[in-house]
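Visitor: As input, take protein34.txt (compact mmCIF, C-alpha atoms and all ligand atoms):
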```txt
# COMPACT_ATOMS: atom_id res chain seq x y z
CA MET D 1 -13.08 -12.58 -99.62
CA PRO D 2 -9.62 -13.26 -98.14
CA PRO D 3 -7.45 -15.89 -99.83
CA ARG D 4 -8.04 -19.37 -98.51
CA GLN D 5 -5.67 -20.56 -95.79
CA ASN D 6 -5.60 -22.93 -92.83
CA LEU D 7 -7.43 -22.13 -89.64
CA THR D 8 -5.87 -24.18 -86.85
CA TYR D 9 -7.96 -25.28 -83.88
CA VAL D 10 -5.83 -26.18 -80.86
CA VAL D 11 -8.14 -28.60 -79.06
CA LYS D 12 -7.66 -29.33 -75.37
CA LEU D 13 -9.34 -32.74 -75.28
CA SER D 14 -8.37 -33.13 -71.62
CA LYS D 15 -5.83 -31.57 -69.26
CA PHE D 16 -4.88 -34.93 -67.77
CA CYS D 17 -1.25 -35.87 -68.30
CA ASN D 18 0.96 -38.83 -67.41
CA LEU D 19 3.92 -36.49 -66.81
CA ARG D 20 4.42 -33.60 -64.40
CA CYS D 21 6.78 -31.28 -66.25
CA ARG D 22 7.72 -28.58 -63.81
CA TYR D 23 7.30 -25.65 -66.18
CA CYS D 24 3.95 -26.77 -67.62
CA TYR D 25 1.48 -23.90 -67.52
CA GLU D 26 -1.36 -26.39 -67.06
CA PHE D 27 0.39 -27.83 -64.00
CA SER D 28 -2.48 -27.36 -61.55
CA GLN D 29 -4.86 -29.27 -63.86
CA LEU D 30 -2.67 -32.18 -64.92
CA GLY D 31 -4.50 -34.61 -62.62
CA ASP D 32 -7.96 -33.62 -63.88
CA LYS D 33 -9.46 -36.45 -65.95
CA THR D 34 -12.32 -34.36 -67.33
CA ARG D 35 -12.48 -34.82 -71.08
CA MET D 36 -14.61 -33.53 -73.92
CA SER D 37 -17.83 -35.53 -74.08
CA PRO D 38 -19.14 -37.07 -77.33
CA HIS D 39 -21.86 -34.37 -77.31
CA LEU D 40 -19.26 -31.62 -77.00
CA LEU D 41 -17.15 -33.20 -79.76
CA ALA D 42 -20.15 -33.22 -82.09
CA ARG D 43 -20.89 -29.57 -81.30
CA LEU D 44 -17.22 -28.69 -81.71
CA PHE D 45 -16.84 -30.23 -85.16
CA ASN D 46 -20.04 -28.56 -86.37
CA PHE D 47 -18.72 -25.29 -84.97
CA MET D 48 -15.43 -25.78 -86.85
CA ARG D 49 -17.24 -26.19 -90.15
CA GLY D 50 -19.18 -22.98 -89.65
CA TYR D 51 -16.34 -20.95 -88.21
CA SER D 52 -13.86 -22.01 -90.90
CA ALA D 53 -16.42 -21.03 -93.55
CA LEU D 54 -16.75 -17.57 -91.95
CA ASN D 55 -12.97 -17.23 -92.21
CA ASN D 56 -12.86 -18.76 -95.72
CA ALA D 57 -10.40 -21.29 -94.33
CA TRP D 58 -9.59 -24.96 -94.36
CA THR D 59 -9.95 -26.62 -90.98
CA ARG D 60 -6.84 -27.97 -89.31
CA ILE D 61 -6.91 -29.58 -85.88
CA ILE D 62 -4.11 -29.91 -83.33
CA TRP D 63 -4.95 -32.40 -80.59
CA HIS D 64 -3.54 -31.00 -77.42
CA GLY D 65 -3.75 -31.42 -73.67
CA GLY D 66 -2.61 -32.58 -71.20
CA GLU D 67 -1.45 -35.67 -73.00
CA PRO D 68 -3.81 -36.65 -75.83
CA LEU D 69 -2.42 -40.19 -75.96
CA ALA D 70 -3.31 -40.69 -72.27
CA LEU D 71 -6.92 -40.84 -73.45
CA PRO D 72 -8.11 -44.42 -74.03
CA GLU D 73 -8.25 -46.06 -77.43
CA ARG D 74 -12.07 -46.20 -77.32
CA TYR D 75 -12.21 -42.44 -76.74
CA TRP D 76 -10.27 -41.90 -79.94
CA ALA D 77 -12.79 -44.14 -81.71
CA ASP D 78 -15.51 -41.74 -80.50
CA VAL D 79 -13.50 -38.83 -81.87
CA ASP D 80 -13.27 -40.58 -85.26
CA THR D 81 -17.00 -41.23 -85.27
CA ALA D 82 -17.88 -37.64 -84.44
CA LEU D 83 -15.42 -36.31 -87.03
CA GLY D 84 -16.78 -38.64 -89.71
CA ARG D 85 -20.40 -37.59 -89.00
CA VAL D 86 -19.58 -33.94 -89.61
CA PHE D 87 -16.85 -34.04 -92.24
CA GLY D 88 -17.57 -37.33 -94.02
CA HIS D 89 -14.59 -38.42 -96.10
CA ASP D 90 -13.30 -34.85 -96.35
CA LEU D 91 -11.57 -34.98 -92.96
CA PRO D 92 -9.54 -32.00 -91.73
CA ASP D 93 -5.76 -32.20 -91.50
CA GLN D 94 -4.78 -33.31 -88.02
CA ALA D 95 -1.69 -32.98 -85.85
CA VAL D 96 -0.96 -34.00 -82.29
CA GLN D 97 1.37 -32.79 -79.59
CA THR D 98 2.51 -35.70 -77.43
CA ASN D 99 5.06 -36.32 -74.71
CA LEU D 100 5.53 -39.85 -76.15
CA PHE D 101 6.08 -41.21 -72.67
CA SER D 102 3.78 -44.17 -73.16
CA LEU D 103 3.81 -45.93 -76.51
CA THR D 104 1.77 -48.97 -77.44
CA ASP D 105 0.72 -50.53 -80.74
CA TRP D 106 -2.61 -48.72 -80.81
CA ARG D 107 -0.88 -45.41 -80.00
CA ILE D 108 1.56 -45.91 -82.86
CA ASP D 109 -1.37 -46.64 -85.14
CA ARG D 110 -3.16 -43.51 -83.89
CA LEU D 111 -0.09 -41.33 -84.51
CA ARG D 112 0.21 -42.72 -88.01
CA ARG D 113 -3.44 -41.97 -88.70
CA ILE D 114 -3.21 -38.44 -87.34
CA GLY D 115 -0.28 -37.80 -89.63
CA THR D 116 1.61 -34.83 -88.18
CA VAL D 117 3.30 -35.62 -84.89
CA GLY D 118 5.15 -33.28 -82.55
CA VAL D 119 7.06 -34.84 -79.68
CA SER D 120 7.82 -32.68 -76.64
CA PHE D 121 11.43 -33.40 -75.79
CA ASP D 122 14.06 -31.17 -74.21
CA VAL D 123 17.11 -33.36 -74.96
CA HIS D 124 18.68 -32.58 -71.56
CA PRO D 125 17.05 -34.32 -68.60
CA GLY D 126 15.72 -31.90 -66.03
CA GLU D 127 12.17 -30.61 -65.90
CA ARG D 128 10.16 -33.16 -67.85
CA ARG D 129 9.34 -35.54 -64.98
CA ALA D 130 7.23 -38.63 -64.58
CA MET D 131 4.62 -38.75 -61.83
CA ASN D 132 7.16 -40.48 -59.58
CA GLY D 133 9.56 -37.58 -60.06
CA LYS D 134 11.98 -39.44 -62.33
CA THR D 135 13.21 -37.87 -65.53
CA SER D 136 11.42 -38.96 -68.69
CA GLU D 137 14.00 -38.47 -71.43
CA LEU D 138 15.45 -41.99 -71.72
CA THR D 139 11.98 -43.49 -72.06
CA VAL D 140 11.00 -40.93 -74.69
CA LEU D 141 14.24 -41.48 -76.61
CA ALA D 142 13.54 -45.21 -76.77
CA ASN D 143 9.99 -44.48 -77.94
CA MET D 144 11.29 -42.15 -80.65
CA ASP D 145 13.48 -45.01 -81.89
CA ARG D 146 10.42 -47.23 -81.95
CA LEU D 147 8.47 -44.66 -83.96
CA ARG D 148 11.31 -44.38 -86.45
CA ALA D 149 11.50 -48.16 -86.76
CA ASP D 150 7.75 -48.22 -87.45
CA GLY D 151 8.08 -45.53 -90.11
CA VAL D 152 6.09 -42.85 -88.27
CA GLU D 153 7.54 -39.44 -89.04
CA PHE D 154 7.71 -36.81 -86.34
CA GLY D 155 9.30 -33.53 -85.36
CA CYS D 156 10.09 -32.30 -81.87
CA ILE D 157 9.38 -29.32 -79.69
CA SER D 158 11.99 -28.30 -77.13
CA VAL D 159 11.41 -25.79 -74.39
CA ALA D 160 14.32 -23.41 -73.80
CA HIS D 161 14.34 -22.07 -70.26
CA ARG D 162 16.69 -20.62 -67.68
CA GLY D 163 17.88 -24.06 -66.64
CA ASN D 164 18.98 -25.24 -70.08
CA LEU D 165 19.80 -22.04 -71.95
CA ASP D 166 23.52 -22.78 -71.71
CA LYS D 167 22.96 -26.11 -73.50
CA LEU D 168 21.44 -24.68 -76.67
CA ASP D 169 24.37 -25.71 -78.87
CA GLN D 170 24.08 -29.30 -77.68
CA THR D 171 20.33 -29.26 -78.29
CA PHE D 172 20.94 -28.14 -81.86
CA ALA D 173 23.71 -30.73 -82.29
CA PHE D 174 21.39 -33.52 -81.11
CA TYR D 175 18.65 -32.71 -83.61
CA ASN D 176 21.11 -31.96 -86.38
CA ALA D 177 22.81 -35.34 -85.95
CA ALA D 178 19.42 -37.08 -85.86
CA ARG D 179 18.25 -35.04 -88.88
CA THR D 180 15.07 -34.27 -87.00
CA GLY D 181 13.36 -30.92 -87.37
CA PHE D 182 12.31 -29.12 -84.23
CA ARG D 183 10.60 -26.07 -82.86
CA ILE D 184 12.27 -24.16 -80.07
CA LEU D 185 9.79 -22.79 -77.56
CA PRO D 186 11.33 -20.17 -75.27
CA PHE D 187 9.74 -20.12 -71.85
CA TYR D 188 8.61 -16.64 -70.93
CA ARG D 189 4.93 -16.87 -70.26
CA SER D 190 2.96 -18.41 -67.44
CA ASP D 191 0.32 -17.16 -65.08
CA ASN D 192 2.28 -18.83 -62.30
CA PRO D 193 4.88 -16.31 -61.04
CA GLY D 194 6.90 -19.12 -59.41
CA GLN D 195 7.42 -20.78 -62.81
CA VAL D 196 8.42 -17.49 -64.42
CA ASP D 197 10.94 -16.86 -61.62
CA SER D 198 12.46 -20.32 -62.07
CA TYR D 199 12.37 -20.70 -65.82
CA GLY D 200 11.48 -17.41 -67.51
CA LEU D 201 13.72 -15.85 -70.14
CA THR D 202 13.88 -12.12 -70.81
CA PRO D 203 13.11 -10.80 -74.31
CA ALA D 204 16.82 -10.06 -74.81
CA GLU D 205 17.70 -13.65 -73.92
CA VAL D 206 15.10 -14.94 -76.37
CA VAL D 207 16.60 -12.82 -79.15
CA THR D 208 20.09 -14.10 -78.31
CA LEU D 209 18.74 -17.65 -78.35
CA TYR D 210 17.04 -17.26 -81.75
CA SER D 211 20.10 -15.52 -83.20
CA ARG D 212 22.42 -18.27 -82.01
CA LEU D 213 20.14 -20.96 -83.42
CA PHE D 214 20.07 -19.18 -86.75
CA ASP D 215 23.88 -18.99 -86.80
CA LEU D 216 24.14 -22.70 -86.02
CA TRP D 217 21.56 -23.58 -88.65
CA LEU D 218 23.29 -21.53 -91.32
CA THR D 219 26.83 -22.60 -90.62
CA GLU D 220 26.47 -26.17 -89.35
CA GLY D 221 22.94 -27.21 -90.29
CA ASP D 222 22.67 -30.49 -92.09
CA GLY D 223 19.34 -29.85 -93.75
CA ILE D 224 17.05 -29.75 -90.71
CA GLN D 225 14.28 -27.20 -90.37
CA ILE D 226 14.03 -25.24 -87.13
CA GLU D 227 10.94 -23.25 -86.25
CA PRO D 228 10.52 -20.37 -85.84
CA ILE D 229 13.93 -19.76 -87.44
CA SER D 230 12.77 -20.98 -90.85
CA ARG D 231 9.86 -18.58 -90.73
CA TYR D 232 12.13 -15.68 -89.80
CA VAL D 233 14.50 -16.55 -92.65
CA GLU D 234 11.56 -16.45 -95.08
CA ILE D 235 10.67 -12.98 -93.85
CA ALA D 236 14.27 -11.78 -94.03
CA MET D 237 14.58 -13.15 -97.56
CA ARG D 238 11.40 -11.35 -98.64
CA HIS D 239 12.71 -8.18 -97.00
CA ILE D 240 16.04 -8.42 -98.85
CA THR D 241 14.46 -9.23 -102.20
CA GLY D 242 11.60 -6.73 -101.90
CA LYS D 243 8.83 -9.33 -101.91
CA LYS D 244 5.60 -8.96 -99.90
CA ALA D 245 3.41 -11.27 -97.87
CA PRO D 246 -0.34 -10.64 -97.55
CA PRO D 247 -0.89 -8.79 -94.24
CA PHE D 248 -2.45 -10.87 -91.49
CA ASN D 249 -6.05 -9.77 -91.16
CA LYS D 250 -7.35 -11.29 -87.94
CA ARG D 251 -10.78 -9.72 -88.35
CA ARG D 252 -11.43 -11.46 -91.66
CA ALA D 253 -9.17 -14.53 -91.63
CA GLU D 254 -8.09 -15.90 -88.30
CA LYS D 255 -5.27 -18.43 -88.23
CA VAL D 256 -5.38 -20.00 -84.76
CA VAL D 257 -8.03 -20.44 -82.10
CA MET D 258 -7.94 -22.55 -78.97
CA ILE D 259 -10.78 -24.69 -77.67
CA ASP D 260 -10.70 -25.43 -73.95
CA THR D 261 -11.91 -28.74 -72.51
CA ASP D 262 -15.26 -27.19 -71.57
CA GLY D 263 -15.82 -25.89 -75.12
CA THR D 264 -14.78 -22.27 -74.52
CA VAL D 265 -13.20 -20.62 -77.56
CA TYR D 266 -10.19 -18.31 -77.20
CA SER D 267 -7.67 -16.68 -79.47
CA ASN D 268 -4.02 -17.70 -79.25
CA ALA D 269 -3.14 -14.26 -77.87
CA ASN D 270 -5.66 -14.30 -75.06
CA ALA D 271 -6.04 -17.96 -74.17
CA TYR D 272 -7.83 -18.48 -70.85
CA ARG D 273 -8.50 -14.76 -70.33
CA LYS D 274 -12.10 -14.46 -69.27
CA GLY D 275 -12.94 -11.08 -70.79
CA TYR D 276 -11.59 -12.29 -74.13
CA ALA D 277 -13.44 -15.60 -74.50
CA TYR D 278 -15.18 -15.74 -77.89
CA GLY D 279 -18.00 -17.94 -76.60
CA ASN D 280 -18.62 -21.64 -76.09
CA VAL D 281 -19.32 -24.23 -78.77
CA LEU D 282 -21.90 -25.92 -76.53
CA THR D 283 -24.15 -22.88 -76.45
CA ASP D 284 -23.06 -20.51 -79.22
CA SER D 285 -23.26 -20.78 -83.00
CA ALA D 286 -20.24 -20.02 -85.17
CA ASP D 287 -21.89 -16.71 -86.14
CA LYS D 288 -22.40 -15.75 -82.52
CA VAL D 289 -18.80 -16.60 -81.63
CA HIS D 290 -17.57 -14.62 -84.62
CA THR D 291 -19.48 -11.49 -83.58
CA SER D 292 -19.02 -11.87 -79.81
CA PRO D 293 -17.85 -8.98 -77.58
CA GLY D 294 -14.85 -11.09 -76.49
CA ARG D 295 -13.68 -11.54 -80.06
CA ALA D 296 -14.38 -7.89 -80.90
CA ARG D 297 -12.17 -6.82 -78.01
CA ASP D 298 -9.43 -9.30 -78.91
CA VAL D 299 -9.38 -8.25 -82.56
CA ALA D 300 -9.49 -4.51 -81.77
CA GLU D 301 -6.48 -4.83 -79.47
CA ALA D 302 -4.62 -6.93 -82.05
CA GLU D 303 -5.25 -4.27 -84.69
CA ALA D 304 -4.09 -1.54 -82.30
CA ARG D 305 -0.83 -3.39 -81.61
CA VAL D 306 -0.16 -3.84 -85.33
CA SER D 307 -1.06 -0.23 -86.05
CA LYS D 308 1.21 1.09 -83.32
CA THR D 309 4.19 -1.19 -83.89
CA CYS D 310 4.20 -2.72 -87.36
CA ARG D 311 3.35 0.35 -89.42
CA THR D 312 6.75 1.87 -88.65
CA CYS D 313 8.67 -1.39 -88.85
CA PRO D 314 11.01 -1.83 -91.84
CA TYR D 315 9.97 -5.49 -92.11
CA PHE D 316 6.24 -4.80 -92.42
CA GLY D 317 5.19 -6.09 -95.79
CA ALA D 318 7.77 -8.85 -95.82
CA CYS D 319 6.35 -9.72 -92.38
CA ASP D 320 2.58 -10.06 -92.17
CA GLY D 321 2.37 -8.63 -88.62
CA PHE D 322 1.14 -11.89 -87.14
CA PHE D 323 3.58 -11.78 -84.23
CA MET D 324 2.30 -8.48 -82.92
CA ALA D 325 -1.33 -9.29 -83.70
CA GLU D 326 -1.05 -12.47 -81.63
CA ALA D 327 1.23 -11.10 -78.90
CA THR D 328 0.17 -12.46 -75.52
CA PRO D 329 -0.13 -10.31 -72.38
CA HIS D 330 3.21 -11.82 -71.31
CA GLU D 331 4.94 -10.12 -74.23
CA PRO D 332 5.62 -6.40 -74.74
CA GLN D 333 2.49 -4.86 -76.26
CA SER D 334 4.02 -1.95 -78.15
CA ASP D 335 7.44 -3.30 -79.01
CA CYS D 336 8.19 -6.30 -81.23
CA ALA D 337 10.89 -7.24 -78.77
CA LEU D 338 11.33 -10.88 -79.76
CA VAL D 339 11.03 -10.90 -83.54
CA ARG D 340 12.24 -7.59 -84.94
CA PRO D 341 15.73 -7.71 -83.33
CA THR D 342 16.03 -11.34 -84.47
CA LEU D 343 15.17 -10.25 -88.02
CA ASP D 344 17.87 -7.55 -87.76
CA HIS D 345 20.42 -10.24 -86.94
CA ILE D 346 19.25 -12.66 -89.64
CA THR D 347 19.01 -10.01 -92.33
CA ALA D 348 22.49 -8.66 -91.59
CA SER D 349 23.92 -12.20 -91.57
CA LEU D 350 22.24 -13.18 -94.82
CA ARG D 351 23.52 -10.04 -96.49
CA ARG D 352 27.04 -10.87 -95.33
CA PHE D 353 26.88 -14.52 -96.17
CA GLY D 354 28.28 -15.30 -99.61
CA ARG D 355 26.59 -17.64 -102.09
CA LEU D 356 23.37 -17.35 -100.18
CA LYS D 357 21.14 -19.19 -102.63
CA GLU D 358 23.45 -22.18 -102.84
CA ARG D 359 23.67 -22.36 -99.08
CA LEU D 360 19.92 -22.12 -98.57
CA ALA D 361 19.36 -24.82 -101.17
CA LEU D 362 21.11 -27.20 -98.80
CA HIS D 363 18.18 -26.72 -96.46
CA ASP D 364 15.53 -27.52 -99.01
CA LEU D 365 13.77 -30.18 -96.95
CA PRO D 366 10.10 -30.39 -96.01
CA PRO D 367 9.28 -27.65 -93.49
CA VAL D 368 8.20 -28.34 -89.96
CA ASP D 369 5.88 -25.37 -90.04
CA ASP D 370 2.98 -27.80 -89.76
CA LEU D 371 4.12 -29.01 -86.39
CA PRO D 372 1.81 -28.41 -83.51
CA ILE D 373 2.51 -24.94 -82.39
CA THR D 374 2.51 -22.55 -79.80
CA ALA D 375 1.90 -21.48 -76.57
CA VAL D 376 2.16 -24.75 -74.97
CA ALA D 377 4.87 -27.11 -73.91
S1 LIG V 1 6.90 -5.15 -85.71
FE1 LIG V 1 7.31 -7.37 -85.61
S2 LIG V 1 5.36 -8.32 -86.26
FE2 LIG V 1 5.29 -6.16 -86.90
S3 LIG V 1 6.08 -6.15 -89.03
FE3 LIG V 1 7.85 -5.74 -87.66
S4 LIG V 1 8.74 -7.75 -87.30
FE4 LIG V 1 6.68 -8.11 -88.08
```
Could you express the structure from this file as structure tokens?
Guide:
Amino acid sequence: MPPRQNLTYVVKLSKFCNLRCRYCYEFSQLGDKTRMSPHLLARLFNFMRGYSALNNAWTRIIWHGGEPLALPERYWADVDTALGRVFGHDLPDQAVQTNLFSLTDWRIDRLRRIGTVGVSFDVHPGERRAMNGKTSELTVLANMDRLRADGVEFGCISVAHRGNLDKLDQTFAFYNAARTGFRILPFYRSDNPGQVDSYGLTPAEVVTLYSRLFDLWLTEGDGIQIEPISRYVEIAMRHITGKKAPPFNKRRAEKVVMIDTDGTVYSNANAYRKGYAYGNVLTDSADKVHTSPGRARDVAEAEARVSKTCRTCPYFGACDGFFMAEATPHEPQSDCALVRPTLDHITASLRRFGRLKERLALHDLPPVDDLPITAVA
């Protein structure tokens, strides 16, 4: 039995969105108002109970889209009802990823009830556009002020892409001054070649970006947490001090799955790839999904990547291998090109940096690791 941990379900309630961000990988579906039906929600939550039990995990839900807050208030009441029927008072932890473009009293109340809030915000106006083509940032900034005034805590997610890479220092300075934790999400994956041409970063650029953010955090950081930098620092610290993390065992204890609007289940690594779908919660039991050919293929390839790449990596042990196990087809499959070179930089810097413990203690604030993750802007 693996040790108990969270299993995060990234739930695509609907792809509809009230923005038209130009790099969004869901771009072609942002006008589609299809949403999960009450029947599908009931099936989904029952599936979660069974699938989390198979993975000996606690259920954690990230409401995703599209824009989850573009769904009407009464739809969220249906979600509550369906959740309550399956989980009773023992509700799963919830998080939401929102563009915060439209904020009303009931939306503030919903965010407060969900608990963990990630706001997509790039700081520099450019690609996050309203339907009329106007930039969205000033509206979102005002809404962030409103959230703060109402006591709703949140972190942010910023996409780093070719058009704003040169503004990374200012992005850091903005969040640092606001004492708001954030996740940086480098743009390098999309099935739309036009988006990759316009916005895509190379692996070397991503490593430079992470390394620069780490340097800023260490030398100028005012206590904010930055993901994934915080996670990399943890690994580097374990590496330096000889500590180990339990290896990620996707076969026995998955950490993230994605549920599409039609109920199809995917891994994080192979989201939307037909031959890798685990099954569908409308038609398949948790057991069937767990033993499906799509999952078997996904897990076998994850294990092959870890076996080929991690076993010879000096960080393996301190690092649990998750990054290679969950590498998407848009990332190198036999080279940990984003993380390992970043760990080289962080480890060397930490070894050079005097009074390390005292310095790190300055950053002893609640982590933003619980922010909605991933894959998606
Ligand atoms: S290759 Fe990458 S994922 Fe694997 S142990 Fe090394 S740093 Fe971690």
Visitor: Rounded to one decimal in Å, what is the spacing between CA of Asn46 in chain D and CA of Val119 in chain D?
Guide: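 Answer for the CA of Asn46 in chain D to CA of Val119 in chain D separation: 28.6 Å.
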Visitor: Pick the closest to Gln5 in chain D from D:Ala286, D:Leu168, D:Ala53, D:Ala177: which is it, counting only C-alpha atoms?
Guide: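 Going through D:Ala286, D:Leu168, D:Ala53, D:Ala177 one by one, the smallest distance to Gln5 in chain D is for D:Ala53.
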Visitor: Have a look at CA of Ala253 in chain D and CA of Phe45 in chain D and let me know their distance in Å, one decimal.
Guide: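 Separating CA of Ala253 in chain D from CA of Phe45 in chain D is a distance of 18.6 Å.
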Visitor: Which residues of chain D sit at most 10 Å from ligand LIG 1 (chain V), using all atoms listed in the file? Give each one's shortest atom pair and distance in Å (one decimal place), in chain and ascending residue order, as a Markdown table.
Guide:
```
| residue | atom | partner | partner_atom | distance |
| --- | --- | --- | --- | --- |
| D:Tyr232 | CA | V:LIG1 | S4 | 9.0 |
| D:Ile235 | CA | V:LIG1 | FE4 | 8.5 |
| D:Ala236 | CA | V:LIG1 | S4 | 9.6 |
| D:Pro247 | CA | V:LIG1 | S3 | 9.1 |
| D:Phe248 | CA | V:LIG1 | S2 | 9.7 |
| D:Arg305 | CA | V:LIG1 | FE2 | 8.6 |
| D:Val306 | CA | V:LIG1 | FE2 | 6.1 |
| D:Ser307 | CA | V:LIG1 | FE2 | 8.7 |
| D:Lys308 | CA | V:LIG1 | S1 | 8.8 |
| D:Thr309 | CA | V:LIG1 | S1 | 5.1 |
| D:Cys310 | CA | V:LIG1 | FE2 | 3.6 |
| D:Arg311 | CA | V:LIG1 | S3 | 7.1 |
| D:Thr312 | CA | V:LIG1 | S1 | 7.6 |
| D:Cys313 | CA | V:LIG1 | FE3 | 4.6 |
| D:Pro314 | CA | V:LIG1 | FE3 | 6.5 |
| D:Tyr315 | CA | V:LIG1 | FE3 | 4.9 |
| D:Phe316 | CA | V:LIG1 | S3 | 3.7 |
| D:Gly317 | CA | V:LIG1 | S3 | 6.8 |
| D:Ala318 | CA | V:LIG1 | S3 | 7.5 |
| D:Cys319 | CA | V:LIG1 | FE4 | 4.6 |
| D:Asp320 | CA | V:LIG1 | FE4 | 6.1 |
| D:Gly321 | CA | V:LIG1 | S2 | 3.8 |
| D:Phe322 | CA | V:LIG1 | S2 | 5.6 |
| D:Phe323 | CA | V:LIG1 | S2 | 4.4 |
| D:Met324 | CA | V:LIG1 | S2 | 4.5 |
| D:Ala325 | CA | V:LIG1 | S2 | 7.2 |
| D:Glu326 | CA | V:LIG1 | S2 | 8.9 |
| D:Ala327 | CA | V:LIG1 | S2 | 8.9 |
| D:Ser334 | CA | V:LIG1 | S1 | 8.7 |
| D:Asp335 | CA | V:LIG1 | S1 | 7.0 |
| D:Cys336 | CA | V:LIG1 | FE1 | 4.6 |
| D:Ala337 | CA | V:LIG1 | FE1 | 7.7 |
| D:Leu338 | CA | V:LIG1 | FE1 | 7.9 |
| D:Val339 | CA | V:LIG1 | S4 | 5.4 |
| D:Arg340 | CA | V:LIG1 | S4 | 4.2 |
| D:Pro341 | CA | V:LIG1 | S4 | 8.0 |
| D:Thr342 | CA | V:LIG1 | S4 | 8.6 |
| D:Leu343 | CA | V:LIG1 | S4 | 6.9 |
| D:Asp344 | CA | V:LIG1 | S4 | 9.1 |
```
Visitor: What gap, in Å, lies between CA of Glu220 in chain D and CA of Phe121 in chain D?
Guide: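 Computing the Euclidean distance for CA of Glu220 in chain D and CA of Phe121 in chain D yields 21.5 Å.
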Visitor: For Glu234 in chain D, work out the shell of residues within 12 Å, counting all atoms listed in the file and skipping chain neighbours fewer than 5 positions away, then give it as a list in words.
Guide: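 Near neighbours after the sequence-gap exclusion: Glu227, Pro228, Ile229, His239, Ile240, Thr241, Gly242, Lys243, Lys244, Ala245, Tyr315, Ala318, Cys319, Asp320, Leu343, Ile346, Thr347, Leu350, Leu360, Pro367 and Asp369 of chain D.
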Visitor: Store the residues of this selection in a file with C-alpha atoms, as a compact mmCIF listing (two decimals), keeping the file's coordinate frame.
Guide:
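part-v7.txt written:
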```txt
# COMPACT_ATOMS: atom_id res chain seq x y z
CA GLU D 227 10.94 -23.25 -86.25
CA PRO D 228 10.52 -20.37 -85.84
CA ILE D 229 13.93 -19.76 -87.44
CA HIS D 239 12.71 -8.18 -97.00
CA ILE D 240 16.04 -8.42 -98.85
CA THR D 241 14.46 -9.23 -102.20
CA GLY D 242 11.60 -6.73 -101.90
CA LYS D 243 8.83 -9.33 -101.91
CA LYS D 244 5.60 -8.96 -99.90
CA ALA D 245 3.41 -11.27 -97.87
CA TYR D 315 9.97 -5.49 -92.11
CA ALA D 318 7.77 -8.85 -95.82
CA CYS D 319 6.35 -9.72 -92.38
CA ASP D 320 2.58 -10.06 -92.17
CA LEU D 343 15.17 -10.25 -88.02
CA ILE D 346 19.25 -12.66 -89.64
CA THR D 347 19.01 -10.01 -92.33
CA LEU D 350 22.24 -13.18 -94.82
CA LEU D 360 19.92 -22.12 -98.57
CA PRO D 367 9.28 -27.65 -93.49
CA ASP D 369 5.88 -25.37 -90.04
```
Visitor: Do a neighbour search on Gly155 in chain D at 9 Å with only C-alpha atoms, toss out local chain neighbours closer than 4 positions, and write the hits as a VMD selection string.
Guide: chain D and resid 116 to 120 180 to 183 368 371
